[in-house]
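final24.txt follows; it contains compact mmCIF, C-alpha atoms.
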# COMPACT_ATOMS: atom_id res chain seq x y z
CA MET A 1 145.38 -7.38 225.29
CA ARG A 2 142.88 -7.78 222.52
CA TRP A 3 140.98 -10.23 224.70
CA PHE A 4 140.79 -7.69 227.46
CA ARG A 5 139.47 -5.01 225.11
CA ARG A 6 136.95 -7.42 223.66
CA LYS A 7 135.82 -8.37 227.13
CA ALA A 8 135.44 -4.70 228.16
CA SER A 9 133.41 -3.95 225.04
CA THR A 10 131.17 -6.90 225.74
CA ARG A 11 130.58 -5.67 229.31
CA GLN A 12 129.76 -2.17 228.09
CA ALA A 13 127.35 -3.55 225.52
CA MET A 14 125.67 -5.70 228.13
CA SER A 15 125.41 -2.73 230.53
CA VAL A 16 123.88 -0.52 227.88
CA GLY A 17 121.46 -3.22 226.92
CA LEU A 18 120.47 -3.79 230.53
CA VAL A 19 119.89 -0.06 231.01
CA VAL A 20 117.79 0.07 227.85
CA VAL A 21 115.74 -2.91 228.99
CA LEU A 22 115.18 -1.44 232.45
CA ALA A 23 114.27 1.95 231.00
CA GLY A 24 111.83 0.34 228.60
CA TRP A 25 110.30 -1.68 231.42
CA LEU A 26 109.92 1.47 233.59
CA PHE A 27 108.31 3.41 230.74
CA ALA A 28 105.96 0.54 230.04
CA TRP A 29 105.01 0.19 233.74
CA ASN A 30 104.46 3.91 234.12
CA ALA A 31 102.30 4.07 231.00
CA GLY A 32 100.24 1.13 232.17
CA SER A 33 99.84 2.60 235.61
CA ASN A 34 98.72 5.96 234.22
CA ARG A 35 96.35 4.25 231.81
CA ASP A 36 94.80 2.30 234.68
CA SER A 37 94.57 5.49 236.78
CA ASP A 38 92.93 7.43 233.92
CA LEU A 39 90.47 4.62 233.34
CA ARG A 40 89.73 4.49 237.06
CA ASP A 41 89.51 8.24 237.79
CA ALA A 42 88.12 9.76 234.60
CA PRO A 43 84.53 8.55 235.11
CA GLY A 44 84.56 9.89 238.71
CA LEU A 45 85.77 13.31 237.62
CA ARG A 46 83.18 13.48 234.86
CA GLY A 47 80.48 12.51 237.31
CA MET A 48 81.62 15.10 239.81
CA VAL A 49 81.62 17.86 237.18
CA THR A 50 78.19 16.79 235.96
CA ALA A 51 76.81 16.80 239.50
CA ARG A 52 78.21 20.29 240.14
CA ASP A 53 76.70 21.54 236.88
CA ARG A 54 73.32 20.25 237.97
CA GLU A 55 73.66 21.93 241.37
CA VAL A 56 74.53 25.23 239.69
CA GLU A 57 71.51 24.93 237.41
CA GLN A 58 69.23 24.21 240.39
CA LEU A 59 70.63 27.17 242.33
CA GLN A 60 70.11 29.43 239.33
CA GLU A 61 66.51 28.26 239.06
CA GLN A 62 65.97 28.88 242.79
CA GLN A 63 67.53 32.32 242.43
CA GLY A 64 65.12 33.15 239.64
CA GLU A 65 62.14 31.93 241.67
CA LEU A 66 63.26 33.90 244.73
CA ALA A 67 63.74 37.04 242.63
CA VAL A 68 60.17 36.73 241.38
CA THR A 69 58.92 36.18 244.94
CA VAL A 70 60.84 39.19 246.26
CA GLU A 71 59.51 41.39 243.47
CA ARG A 72 55.95 40.22 244.20
CA LEU A 73 56.32 40.84 247.94
CA VAL A 74 57.83 44.29 247.40
CA GLY A 75 54.97 45.18 245.09
CA ALA A 76 52.40 43.91 247.58
CA ALA A 77 54.06 45.77 250.47
CA ALA A 78 54.39 49.07 248.62
CA PRO A 79 50.88 50.32 249.54
CA ASN A 80 51.43 49.39 253.18
CA VAL A 81 54.80 51.15 253.21
CA ALA A 82 53.25 54.23 251.63
CA ALA A 83 50.40 54.15 254.17
CA ALA A 84 52.88 53.78 257.04
CA ASP A 85 54.95 56.69 255.73
CA ALA A 86 51.81 58.82 255.47
CA GLU A 87 50.79 57.89 259.01
CA VAL A 88 54.22 58.77 260.36
CA ALA A 89 54.17 62.09 258.49
CA MET A 90 50.71 62.80 259.90
CA ALA A 91 51.79 61.98 263.47
CA ALA A 92 54.85 64.17 263.01
CA GLY A 93 52.68 67.04 261.77
CA ALA A 94 54.76 67.33 258.62
CA VAL A 95 51.89 67.36 256.10
CA ALA A 96 48.99 69.76 255.70
CA VAL A 97 45.47 68.50 256.42
CA LYS A 98 42.20 69.88 255.02
CA GLY A 99 38.62 69.08 255.88
CA PRO A 100 35.66 69.85 258.13
CA GLY A 101 36.29 70.35 261.82
CA ILE A 102 35.71 72.33 264.99
CA THR A 103 37.20 75.45 266.52
CA VAL A 104 37.05 75.64 270.33
CA THR A 105 37.88 78.95 272.04
CA LEU A 106 38.84 79.28 275.71
CA SER A 107 39.57 82.53 277.50
CA ASP A 108 40.27 83.77 281.01
CA ALA A 109 37.57 85.44 283.12
CA ASN A 110 37.70 89.08 284.11
CA PRO A 111 38.51 89.31 287.83
CA SER A 112 35.83 90.81 290.03
CA ALA A 113 35.45 91.25 293.77
CA ASP A 114 32.19 89.34 293.82
CA ILE A 115 33.70 86.21 292.25
CA LEU A 116 36.81 86.22 294.41
CA ALA A 117 34.67 86.77 297.50
CA GLU A 118 32.76 83.53 296.95
CA PRO A 119 33.68 80.69 299.35
CA GLY A 120 36.27 78.36 297.85
CA SER A 121 37.10 80.73 295.00
CA ALA A 122 40.70 81.44 294.01
CA GLY A 123 42.38 83.65 291.48
CA SER A 124 43.55 80.59 289.55
CA ASP A 125 39.91 79.71 288.83
CA LEU A 126 39.75 82.67 286.48
CA LEU A 127 42.53 81.37 284.23
CA VAL A 128 42.62 78.77 281.47
CA HIS A 129 45.22 76.21 282.44
CA GLN A 130 47.24 73.58 280.64
CA GLN A 131 44.99 70.81 281.91
CA ASP A 132 41.95 72.58 280.45
CA ILE A 133 43.51 72.70 276.99
CA ASP A 134 44.72 69.11 277.36
CA ALA A 135 41.18 68.01 278.28
CA VAL A 136 39.74 69.62 275.15
CA LEU A 137 42.45 68.14 272.93
CA ASN A 138 42.08 64.66 274.42
CA ALA A 139 38.34 64.78 273.79
CA LEU A 140 38.90 65.86 270.19
CA TRP A 141 41.48 63.11 269.62
CA ALA A 142 39.09 60.58 271.13
CA GLY A 143 36.41 61.85 268.78
CA GLY A 144 38.54 60.99 265.75
CA ALA A 145 40.47 64.20 265.11
CA GLU A 146 43.01 63.73 262.34
CA ALA A 147 44.98 66.90 263.05
CA ALA A 148 44.86 69.68 265.63
CA ALA A 149 46.45 73.04 266.32
CA VAL A 150 46.57 75.52 269.21
CA GLN A 151 46.81 79.18 268.20
CA GLY A 152 47.59 77.91 264.72
CA HIS A 153 50.56 75.91 266.02
CA ARG A 154 50.36 72.41 264.56
CA LEU A 155 50.44 69.71 267.21
CA ALA A 156 52.58 66.61 266.70
CA SER A 157 52.91 63.45 268.75
CA ASN A 158 55.74 65.01 270.77
CA THR A 159 54.40 68.56 271.14
CA ALA A 160 54.34 69.77 274.75
CA ILE A 161 51.87 72.28 276.19
CA ARG A 162 52.90 74.07 279.39
CA CYS A 163 51.13 76.68 281.50
CA VAL A 164 53.27 79.60 282.76
CA GLY A 165 51.20 82.09 284.74
CA ASN A 166 48.50 83.48 282.47
CA VAL A 167 50.21 82.34 279.23
CA ILE A 168 50.96 78.93 277.74
CA LEU A 169 53.94 77.47 275.94
CA VAL A 170 53.19 75.29 272.92
CA GLY A 171 56.24 73.62 271.48
CA GLY A 172 58.40 76.25 273.17
CA ARG A 173 56.41 79.23 271.81
CA VAL A 174 54.49 81.66 274.04
CA TYR A 175 50.76 82.30 273.47
CA SER A 176 48.29 84.49 275.35
CA PRO A 177 44.52 84.05 275.73
CA PRO A 178 42.05 83.68 274.20
CA TYR A 179 43.18 80.22 273.14
CA SER A 180 41.92 78.87 269.84
CA ILE A 181 41.95 75.09 269.41
CA THR A 182 41.18 73.76 265.94
CA ALA A 183 40.70 70.12 264.97
CA ILE A 184 39.89 68.40 261.68
CA GLY A 185 37.79 65.28 261.85
CA PRO A 186 34.24 63.94 262.27
CA VAL A 187 32.40 66.93 263.68
CA ARG A 188 29.49 65.13 265.35
CA GLU A 189 31.69 62.59 267.10
CA MET A 190 34.06 65.28 268.34
CA HIS A 191 31.10 67.24 269.72
CA ASN A 192 29.87 64.11 271.50
CA ARG A 193 33.26 63.59 273.09
CA LEU A 194 33.47 67.22 274.19
CA ASP A 195 30.05 66.93 275.82
CA SER A 196 30.84 63.67 277.63
CA ALA A 197 34.46 64.22 278.73
CA PRO A 198 34.46 64.75 282.56
CA LEU A 199 37.38 67.20 282.57
CA VAL A 200 35.85 69.29 279.79
CA ARG A 201 32.55 69.38 281.67
CA ALA A 202 34.40 70.47 284.82
CA TYR A 203 36.03 73.36 282.95
CA ARG A 204 32.72 74.45 281.43
CA GLU A 205 31.08 74.44 284.85
CA ARG A 206 33.93 76.52 286.27
CA ALA A 207 33.88 78.86 283.28
CA SER A 208 30.15 79.38 283.72
CA ARG A 209 30.61 80.16 287.41
CA VAL A 210 33.48 82.66 287.09
CA GLY A 211 32.60 84.10 283.70
CA ALA A 212 35.35 82.51 281.64
CA SER A 213 34.85 81.96 277.92
CA TRP A 214 33.84 78.73 276.18
CA SER A 215 32.65 78.50 272.59
CA THR A 216 32.64 76.02 269.71
CA VAL A 217 32.21 76.72 266.02
CA ASP A 218 31.70 74.11 263.32
CA GLU A 219 33.98 74.67 260.36
CA GLY A 220 32.99 73.41 256.94
CA GLU A 221 36.55 73.58 255.65
CA LEU A 222 39.66 73.93 257.78
CA THR A 223 43.32 73.83 256.78
CA ILE A 224 45.99 72.93 259.30
CA ALA A 225 49.38 73.45 257.76
CA GLY A 226 52.22 71.01 258.12
CA ASP A 227 55.28 72.03 260.05
CA LEU A 228 58.54 70.09 260.00
CA ALA A 229 59.74 72.01 263.05
CA VAL A 230 56.83 71.22 265.39
CA GLY A 231 57.67 69.90 268.82
CA PRO A 232 61.02 69.69 270.60
CA ALA A 233 63.90 67.72 269.11
CA LEU A 234 63.94 64.10 270.16
CA LYS A 235 66.81 62.85 272.31
CA TYR A 236 67.65 59.22 272.77
CA ALA A 237 70.13 57.07 274.63
CA LYS A 238 73.18 55.57 272.99
CA ALA A 239 75.21 52.52 273.94
CA LEU A 240 78.43 53.06 275.86
CA ASP A 241 81.65 52.71 273.93
CA GLN A 242 84.39 50.31 274.93
CA GLU A 243 85.97 52.86 277.25
CA GLY A 244 82.64 53.24 279.05
CA ALA A 245 82.02 56.80 277.87
CA GLY A 246 78.80 57.25 275.96
CA SER A 247 77.49 60.33 274.19
CA PRO A 248 74.08 61.73 275.16

Before anything else, please render the file you have as structure tokens.
Amino acid sequence: MRWFRRKASTRQAMSVGLVVVLAGWLFAWNAGSNRDSDLRDAPGLRGMVTARDREVEQLQEQQGELAVTVERLVGAAAPNVAAADAEVAMAAGAVAVKGPGITVTLSDANPSADILAEPGSAGSDLLVHQQDIDAVLNALWAGGAEAAAVQGHRLASNTAIRCVGNVILVGGRVYSPPYSITAIGPVREMHNRLDSAPLVRAYRERASRVGASWSTVDEGELTIAGDLAVGPALKYAKALDQEGAGSP
């Protein structure tokens, strides 16, 4: 019985010792493996971090250079942007203009039996028409006019002039003769264009024949006021929505 107990104790001791040895061997192997892994991977990780730090520094330097470039370009473009804005405001008739210019006055002729009795004469020859005003304006624009007005109504790039009987519509407003056309710009050049424009010459010949009015006055200082409401509202197309119904 004692032998059996002694033998069991010996087996337990040997089992415990074997477990301790195996555990020690596993811990030693694991430590060695981790040490080898750290020695193998640590330099790579440090290199990767260093490389990323350098990339960040380079990107920050590029960002600084680009910021300086953008600031320089914005500063250089500012005068052009301001000039473009001024040109758009001028074309829209939104700003007042002052300077020397010309006033051209057109008026209908008084009807008479003698004029109407002439061969080829018609009652419409006595009236100032839309095309007559357009001819004068086109000549003034070609002569370098910076701004123009009809009956004091500022003309913009989208202002429409329409003839309705013996009155005209300018930007939707009704005006009766005599018609006063004012333009600010180089006076001599505008005069030259008025004298050479074929349609203006045709009107002047007709006016002389039927007794209609034509006169020009040089103005040393004119003021044509700006008007944010000149011309009809612009309408534009819009893309169709997914259901195929677009809004005008």

Query - Residue contacts of Gly185 in chain A (12 Å, only C-alpha atoms) excluding same-chain residues fewer than 3 positions away, as a ChimeraX atom specification - result: /A:97-103,139-148,182,188-191,218-224

Query - Coordinates-based distance that separates CA of Val128 in chain A from CA of Tyr179 in chain A (Å, one decimal) - result: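 A separation of 8.5 Å between them.
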
Query - 9 Å contact set for Ala135 in chain A, all atoms listed in the file, chain neighbours under 6 positions out, as a PyMOL selection string - result: chain A and resi 194+197-200+203

Requested in this report: Kindly give the distance, in Å, that separates CA of Leu73 in chain A and CA of Gln58 in chain A, rounded to a single decimal.
Outcome: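 Between CA of Leu73 in chain A and CA of Gln58 in chain A the gap works out to 22.4 Å.
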
Query raised in the report: When you draw a straight line from CA of Ile184 in chain A to CA of Gln131 in chain A, how long is it in Å?
Result: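 A separation of 21.0 Å between them.
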
Query raised in the report: Counting all atoms listed in the file, what is within 10 Å of Ser107 in chain A, bar same-chain residues fewer than 5 positions away, as a PyMOL selection string?
Result: chain A and resi 126-129+176-180+207+211-215

**Report entry** Selected residue, from A:His153, A:Glu205, A:Pro111, A:Ala51, that lies nearest to Ala225 in chain A when counting all atoms listed in the file
**Finding:** A:His153

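For the choices A:Ala156, A:Val187, A:Gln130, A:Ala202, the atom-to-atom distance to Tyr175 in chain A is smallest for A:Gln130 when using all atoms listed in the file.
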